[in-house]
Amino acid sequence: MLALLHHFTTAMFKTPSLQVFVVACLAACAAASAAEPKLQHPLTTAPLDGDMPGRGWGSVPIQEATWFEMGYSLNITFGNPPQQVPVYLDISSPDSWVTPEALPDRHRVCETAPTFNTSASSTFLATSTFARFHFDWLWGQGNLSYDTVSFGSLSVQHQAFAIPDYISSDAWGFNACPMAGIIGLAPFSSRTERDDFGKPSPLVSMALQKALSKNLFALRLHGPRAELSFGRTNPGLYRDGFIAEAPLTRHRSRIWDGGWQTTASHLRLEAWDADNSFVADLGNVPATFSTRSPQIHLPKAVYDSVYAAAGFEQLPGWLMPPTVDCARRFDMPNVTIALGDGMESLTLTAFEYTMVWPLADPGPPQCACLFTTSSGFDWSGEIILGWAFVRAFYVVFDLDEKMIRFATLS
Ligand SMILES: *[C@@H]1O[C@H](CO)[C@@H](O)[C@H](O)[C@H]1NC(C)=O
Ligand SMILES: *[C@@H]1O[C@H](CO)[C@@H](O)[C@H](O)[C@H]1NC(C)=O
Ligand SMILES: *[C@@H]1O[C@H](CO)[C@@H](O)[C@H](O)[C@H]1NC(C)=O
Ligand SMILES: *[C@@H]1O[C@H](CO)[C@@H](O)[C@H](O)[C@H]1NC(C)=O
C-alpha cells in the first residue's frame, strides 16, 4: 500500500524537503489506516498456455502485484541447477539484479521471497565491478555477476546482473513481497554517464546468442492470462492483426536511458458532449513505456485539459490523488494517444485510465486518475506510458524491426 502511495506522491513532490514531509506523513497515515480493510487483490495463479514451448521461444506467466500497485512479477530461474526466484518486470531499464541468499534480512525488500544461493550454482561468476541500479522507489548497489537466467524453457547463458550487498527502499519500511529482484528488458544498454552497469538486458543477450526465432518479446499484462513471451507472439492472447505500430526511437531521456521509446504526436479526448472534446498536439515528444508504475505522465497543459474534461476533482487529504466517483466511469470520455506517425487507434476508456482508490473515506467509491504530470521536475518534455497504458493492449516489442506493435486483447 505504501508503494502505491509512493507512485502518487513522488510524481507530485520531487524536492527533498517535501519528500521528508511525505515520509513523515506516510508513517502517520499508515498507523492511522491500520484498521482499514486489506486491498481486494488476491494473488492469482496464471495458467500456462496449452501449447508447449518450442525451439527459439519461451513464455512465462505474469502476475499482477496490484495489492502494492507496484507492477508485475514473474518467476524466472538463476544458475545451474536452476533456482526459481520471483522478480519484477521492468521494460524501461536494461539492468537486472537478484537478492543473494547471503544478504542480511534487513536489506531485503521481501523477507519471505526465495533468493539466489550463488554458491549452489556451478556457473555463477562474480566480478569486482561495482554496479548501482534503480527501480522507481528503491535503489541498490553491489557487484556485477554473470550466470544462466531462464524464462520457462528458454535460457540465456552468461547473463549480467547485479548481486546487491545493499538495497535501500527509501527507508519507507514497506515490504514489497514477492519481489527478490528485477529483470530489465530494455532494448539498449544504459549509457556510461549513468551509474548503472551498462550491460545488455536478457533480451539483447538472447539476440546476441541467437537463442530466439525472432528477437522480440510480447506482453499481455491484463487478467489471469497475463504472459511474457520471447521469440514469438502468442496468438491466443490477442485478436488478429495489429491496430497500430510505432518505431523504436532513442531520443535523449532524462529518466530511463535505453528503454522502449517512441514518439507521441497527439492526444484526442472524446466526450459524449462535443464541446468537451479536443485534440492536443503533443509535438512528437519522446514517449517511454514503463511497467514500474501505473501512471501516464503528460505535459502539464495537456494534463490540465484532460483533468477538466474528464471531471476529476481534488478531494481534501494530503495523499488524495485526483479522483472521480467510480460510478461515473461509464459516461467519461475516451482518451486516444497517437504514437509514431499518428496511429489513431490506441484508445483508453475511463476503466483503463482510472483505478479504484483503496484508501478513500466512507462514501461512494472513488477512482484515482492515472494520468499525471510533473511540472518543471524530472518529466518535462517527455511522456511516460505506465502500465495503465501497456495493460490495455497486447504489445510486441520487436528488436529486429525496431518497432512496437499493438493488438486488441482477446
Ligand atoms: C511463482 O512461484 C510460486 C511458488 O511456486 C507461486 O506461488 C507463484 O504464484 C508464482 N508466481 C508467478 C508469477 O508465476
Ligand atoms: C547454499 O549453497 C551451498 C552450496 O551448495 C550450501 O552449502 C548452503 O547450505 C546453501 N545455503 C542455503 C541457505 O541453503
Ligand atoms: C566486489 O568488488 C569489490 C571490488 O570493487 C571486491 O573487493 C569484493 O570482494 C567484491 N565482492 C564480491 C562478493 O565478489
Ligand atoms: C469509449 O469507448 C467505448 C469502447 O470502445 C465505447 O463503448 C464508448 O461509446 C466510447 N465513449 C465515447 C464517449 O466515445
# chains A, B, ... in the order shown; residues from 1 in each chain; ligands from 1
>>> residues_near_ligand(ligand="ligand 3", cutoff="6 Å", atoms="only C-alpha atoms and all ligand atoms", output="MDAnalysis selection string")
chainID A and resid 126:130 143
>>> residues_near_ligand(ligand="ligand 2", cutoff="9 Å", atoms="only C-alpha atoms and all ligand atoms", output="list in words")
Glu101, Ala102, Phe116, Asn117, Thr118, Ser119, Ala120 and Ser121 of chain A
>>> closest_atom_pairs(of="chain A", to="ligand 1", cutoff="12 Å", atoms="only C-alpha atoms and all ligand atoms", output="tab-separated table")
residue	atom	partner	partner_atom_place_in_ligand_line	distance
A:Pro42	CA	ligand 1	9 (O)	10.8
A:Leu43	CA	ligand 1	9 (O)	7.1
A:Thr44	CA	ligand 1	9 (O)	6.9
A:Thr45	CA	ligand 1	9 (O)	5.1
A:Ala46	CA	ligand 1	14 (O)	6.6
A:Pro47	CA	ligand 1	14 (O)	8.7
A:Leu48	CA	ligand 1	14 (O)	9.2
A:Ser59	CA	ligand 1	14 (O)	11.1
A:Val60	CA	ligand 1	14 (O)	7.4
A:Pro61	CA	ligand 1	14 (O)	5.4
A:Ile62	CA	ligand 1	13 (C)	4.7
A:Gln63	CA	ligand 1	13 (C)	4.4
A:Glu64	CA	ligand 1	13 (C)	7.8
A:Ala65	CA	ligand 1	13 (C)	8.9
A:Gly71	CA	ligand 1	13 (C)	11.4
A:Tyr72	CA	ligand 1	13 (C)	8.0
A:Ser73	CA	ligand 1	13 (C)	5.2
A:Leu74	CA	ligand 1	13 (C)	3.8
A:Asn75	CA	ligand 1	1 (C)	4.9
A:Ile76	CA	ligand 1	1 (C)	8.3
A:Thr77	CA	ligand 1	1 (C)	10.4
A:Gln83	CA	ligand 1	2 (O)	11.0
A:Gln84	CA	ligand 1	2 (O)	7.5
A:Val85	CA	ligand 1	1 (C)	7.5
A:Pro86	CA	ligand 1	1 (C)	6.0
A:Val87	CA	ligand 1	13 (C)	8.4
A:Tyr88	CA	ligand 1	13 (C)	9.2
A:Leu89	CA	ligand 1	13 (C)	10.4
A:Thr112	CA	ligand 1	4 (C)	11.5
A:Ala113	CA	ligand 1	3 (C)	9.1
A:Pro114	CA	ligand 1	4 (C)	8.9
A:Phe151	CA	ligand 1	14 (O)	11.0
A:Gly152	CA	ligand 1	14 (O)	10.3
A:Cys177	CA	ligand 1	11 (N)	11.2
A:Pro178	CA	ligand 1	11 (N)	8.5
A:Met179	CA	ligand 1	11 (N)	10.3
A:Ala180	CA	ligand 1	1 (C)	11.3
A:Leu221	CA	ligand 1	13 (C)	11.4
A:Pro224	CA	ligand 1	13 (C)	10.4
A:Arg225	CA	ligand 1	14 (O)	10.9
A:Ala226	CA	ligand 1	13 (C)	9.3
A:Glu227	CA	ligand 1	13 (C)	9.2
A:Leu228	CA	ligand 1	13 (C)	10.4
>>> residues_near_ligand(ligand="ligand 4", cutoff="12 Å", atoms="only C-alpha atoms and all ligand atoms", output="ChimeraX atom specification")
/A:268-274,276-277,309-310,328-336,345-353,392,408
>>> select_by_dssp(residues="range 51-110 of chain A", states="strand (DSSP E or B)", output="number ranges by chain")
A: 58-61, 63-64, 72-78, 83-90, 97-98, 100
>>> atom_distance(atom1="CA of Leu237 in chain A", atom2="CA of Ser265 in chain A")
28.0 Å
>>> decode(residues="range 209-318 of chain A", atoms="C-alpha atoms", output="PDB file, in the first residue's frame")
ATOM      1  CA  GLN A 209      23.333 -15.693 -28.574  1.00  0.00           C
ATOM      2  CA  LYS A 210      20.861 -16.316 -31.418  1.00  0.00           C
ATOM      3  CA  ALA A 211      18.549 -18.001 -28.946  1.00  0.00           C
ATOM      4  CA  LEU A 212      15.305 -16.689 -30.417  1.00  0.00           C
ATOM      5  CA  SER A 213      13.459 -17.360 -33.658  1.00  0.00           C
ATOM      6  CA  LYS A 214      12.607 -13.645 -33.660  1.00  0.00           C
ATOM      7  CA  ASN A 215      14.277 -11.064 -31.466  1.00  0.00           C
ATOM      8  CA  LEU A 216      11.174  -9.774 -29.765  1.00  0.00           C
ATOM      9  CA  PHE A 217       9.098 -10.147 -26.654  1.00  0.00           C
ATOM     10  CA  ALA A 218       5.366  -9.741 -26.289  1.00  0.00           C
ATOM     11  CA  LEU A 219       3.428  -8.694 -23.234  1.00  0.00           C
ATOM     12  CA  ARG A 220      -0.063  -9.272 -22.059  1.00  0.00           C
ATOM     13  CA  LEU A 221      -0.393  -7.695 -18.619  1.00  0.00           C
ATOM     14  CA  HIS A 222      -4.156  -7.919 -18.420  1.00  0.00           C
ATOM     15  CA  GLY A 223      -6.057 -10.539 -16.453  1.00  0.00           C
ATOM     16  CA  PRO A 224      -5.355 -14.153 -15.483  1.00  0.00           C
ATOM     17  CA  ARG A 225      -3.762 -14.987 -18.848  1.00  0.00           C
ATOM     18  CA  ALA A 226      -1.046 -12.358 -18.397  1.00  0.00           C
ATOM     19  CA  GLU A 227       2.149 -13.588 -20.028  1.00  0.00           C
ATOM     20  CA  LEU A 228       5.597 -12.571 -21.165  1.00  0.00           C
ATOM     21  CA  SER A 229       6.739 -14.434 -24.279  1.00  0.00           C
ATOM     22  CA  PHE A 230      10.051 -14.274 -26.069  1.00  0.00           C
ATOM     23  CA  GLY A 231      10.713 -15.101 -29.703  1.00  0.00           C
ATOM     24  CA  ARG A 232       7.115 -15.030 -30.931  1.00  0.00           C
ATOM     25  CA  THR A 233       3.690 -13.697 -30.101  1.00  0.00           C
ATOM     26  CA  ASN A 234       1.034 -15.904 -28.545  1.00  0.00           C
ATOM     27  CA  PRO A 235      -1.944 -15.781 -30.940  1.00  0.00           C
ATOM     28  CA  GLY A 236      -4.319 -16.961 -28.216  1.00  0.00           C
ATOM     29  CA  LEU A 237      -3.833 -13.741 -26.282  1.00  0.00           C
ATOM     30  CA  TYR A 238      -4.839 -11.112 -28.836  1.00  0.00           C
ATOM     31  CA  ARG A 239      -7.231 -10.602 -31.715  1.00  0.00           C
ATOM     32  CA  ASP A 240      -5.893 -10.970 -35.249  1.00  0.00           C
ATOM     33  CA  GLY A 241      -3.923  -8.128 -36.726  1.00  0.00           C
ATOM     34  CA  PHE A 242      -2.151  -5.187 -35.182  1.00  0.00           C
ATOM     35  CA  ILE A 243      -4.074  -1.982 -34.697  1.00  0.00           C
ATOM     36  CA  ALA A 244      -1.038   0.284 -34.524  1.00  0.00           C
ATOM     37  CA  GLU A 245       2.730   0.280 -34.694  1.00  0.00           C
ATOM     38  CA  ALA A 246       5.288   2.867 -33.715  1.00  0.00           C
ATOM     39  CA  PRO A 247       9.015   2.938 -34.473  1.00  0.00           C
ATOM     40  CA  LEU A 248      11.555   2.462 -31.691  1.00  0.00           C
ATOM     41  CA  THR A 249      13.438   5.710 -31.084  1.00  0.00           C
ATOM     42  CA  ARG A 250      16.295   6.727 -28.872  1.00  0.00           C
ATOM     43  CA  HIS A 251      15.901  10.359 -28.005  1.00  0.00           C
ATOM     44  CA  ARG A 252      17.702  11.682 -25.027  1.00  0.00           C
ATOM     45  CA  SER A 253      15.634  10.862 -21.977  1.00  0.00           C
ATOM     46  CA  ARG A 254      16.219  12.406 -18.602  1.00  0.00           C
ATOM     47  CA  ILE A 255      14.694   9.420 -16.912  1.00  0.00           C
ATOM     48  CA  TRP A 256      15.197   5.999 -18.433  1.00  0.00           C
ATOM     49  CA  ASP A 257      18.005   5.817 -20.860  1.00  0.00           C
ATOM     50  CA  GLY A 258      17.869   2.737 -23.026  1.00  0.00           C
ATOM     51  CA  GLY A 259      14.167   1.972 -22.563  1.00  0.00           C
ATOM     52  CA  TRP A 260      11.490   1.138 -25.110  1.00  0.00           C
ATOM     53  CA  GLN A 261      10.642   4.515 -26.505  1.00  0.00           C
ATOM     54  CA  THR A 262       8.792   6.042 -29.425  1.00  0.00           C
ATOM     55  CA  THR A 263       7.246   9.469 -30.026  1.00  0.00           C
ATOM     56  CA  ALA A 264       3.749  10.790 -29.356  1.00  0.00           C
ATOM     57  CA  SER A 265       2.099  13.043 -31.917  1.00  0.00           C
ATOM     58  CA  HIS A 266      -1.220  13.956 -30.329  1.00  0.00           C
ATOM     59  CA  LEU A 267      -3.849  13.145 -27.751  1.00  0.00           C
ATOM     60  CA  ARG A 268      -7.546  13.141 -28.539  1.00  0.00           C
ATOM     61  CA  LEU A 269     -10.242  13.239 -25.900  1.00  0.00           C
ATOM     62  CA  GLU A 270     -13.716  12.176 -27.000  1.00  0.00           C
ATOM     63  CA  ALA A 271     -16.588  13.011 -24.688  1.00  0.00           C
ATOM     64  CA  TRP A 272     -20.300  12.484 -25.353  1.00  0.00           C
ATOM     65  CA  ASP A 273     -20.560  16.258 -25.357  1.00  0.00           C
ATOM     66  CA  ALA A 274     -18.683  17.540 -28.419  1.00  0.00           C
ATOM     67  CA  ASP A 275     -17.920  20.856 -26.692  1.00  0.00           C
ATOM     68  CA  ASN A 276     -15.846  18.974 -24.168  1.00  0.00           C
ATOM     69  CA  SER A 277     -13.859  17.027 -26.778  1.00  0.00           C
ATOM     70  CA  PHE A 278     -10.484  18.194 -28.019  1.00  0.00           C
ATOM     71  CA  VAL A 279      -7.289  17.246 -29.798  1.00  0.00           C
ATOM     72  CA  ALA A 280      -3.966  18.291 -28.242  1.00  0.00           C
ATOM     73  CA  ASP A 281      -0.754  18.427 -30.242  1.00  0.00           C
ATOM     74  CA  LEU A 282       1.999  16.587 -28.383  1.00  0.00           C
ATOM     75  CA  GLY A 283       4.722  17.726 -30.774  1.00  0.00           C
ATOM     76  CA  ASN A 284       6.322  14.270 -31.235  1.00  0.00           C
ATOM     77  CA  VAL A 285       7.847  14.256 -27.774  1.00  0.00           C
ATOM     78  CA  PRO A 286       9.623  11.062 -26.671  1.00  0.00           C
ATOM     79  CA  ALA A 287       7.209   8.575 -25.111  1.00  0.00           C
ATOM     80  CA  THR A 288       8.771   5.839 -22.968  1.00  0.00           C
ATOM     81  CA  PHE A 289       6.958   2.677 -21.918  1.00  0.00           C
ATOM     82  CA  SER A 290       7.164   1.587 -18.302  1.00  0.00           C
ATOM     83  CA  THR A 291       5.900  -1.253 -16.148  1.00  0.00           C
ATOM     84  CA  ARG A 292       7.219   0.338 -12.963  1.00  0.00           C
ATOM     85  CA  SER A 293       4.135   2.348 -12.131  1.00  0.00           C
ATOM     86  CA  PRO A 294       0.600   2.683 -13.456  1.00  0.00           C
ATOM     87  CA  GLN A 295       0.717   6.328 -14.322  1.00  0.00           C
ATOM     88  CA  ILE A 296       0.716   8.064 -17.678  1.00  0.00           C
ATOM     89  CA  HIS A 297       2.749  11.259 -17.435  1.00  0.00           C
ATOM     90  CA  LEU A 298       1.565  14.037 -19.729  1.00  0.00           C
ATOM     91  CA  PRO A 299       2.790  17.568 -20.372  1.00  0.00           C
ATOM     92  CA  LYS A 300       1.198  19.965 -17.878  1.00  0.00           C
ATOM     93  CA  ALA A 301      -1.147  21.795 -20.266  1.00  0.00           C
ATOM     94  CA  VAL A 302      -2.479  18.555 -21.770  1.00  0.00           C
ATOM     95  CA  TYR A 303      -2.917  17.018 -18.352  1.00  0.00           C
ATOM     96  CA  ASP A 304      -4.887  20.062 -17.185  1.00  0.00           C
ATOM     97  CA  SER A 305      -7.251  19.771 -20.179  1.00  0.00           C
ATOM     98  CA  VAL A 306      -7.824  16.047 -19.605  1.00  0.00           C
ATOM     99  CA  TYR A 307      -8.383  16.650 -15.886  1.00  0.00           C
ATOM    100  CA  ALA A 308     -11.039  19.268 -16.578  1.00  0.00           C
ATOM    101  CA  ALA A 309     -12.816  17.460 -19.430  1.00  0.00           C
ATOM    102  CA  ALA A 310     -12.927  14.140 -17.556  1.00  0.00           C
ATOM    103  CA  GLY A 311     -14.281  15.849 -14.443  1.00  0.00           C
ATOM    104  CA  PHE A 312     -11.643  14.801 -11.930  1.00  0.00           C
ATOM    105  CA  GLU A 313     -11.638  16.617  -8.636  1.00  0.00           C
ATOM    106  CA  GLN A 314      -9.189  17.023  -5.816  1.00  0.00           C
ATOM    107  CA  LEU A 315     -10.810  15.920  -2.579  1.00  0.00           C
ATOM    108  CA  PRO A 316      -9.217  17.100   0.653  1.00  0.00           C
ATOM    109  CA  GLY A 317      -6.482  14.974   2.207  1.00  0.00           C
ATOM    110  CA  TRP A 318      -2.723  15.018   1.902  1.00  0.00           C
TER     111      TRP A 318
END
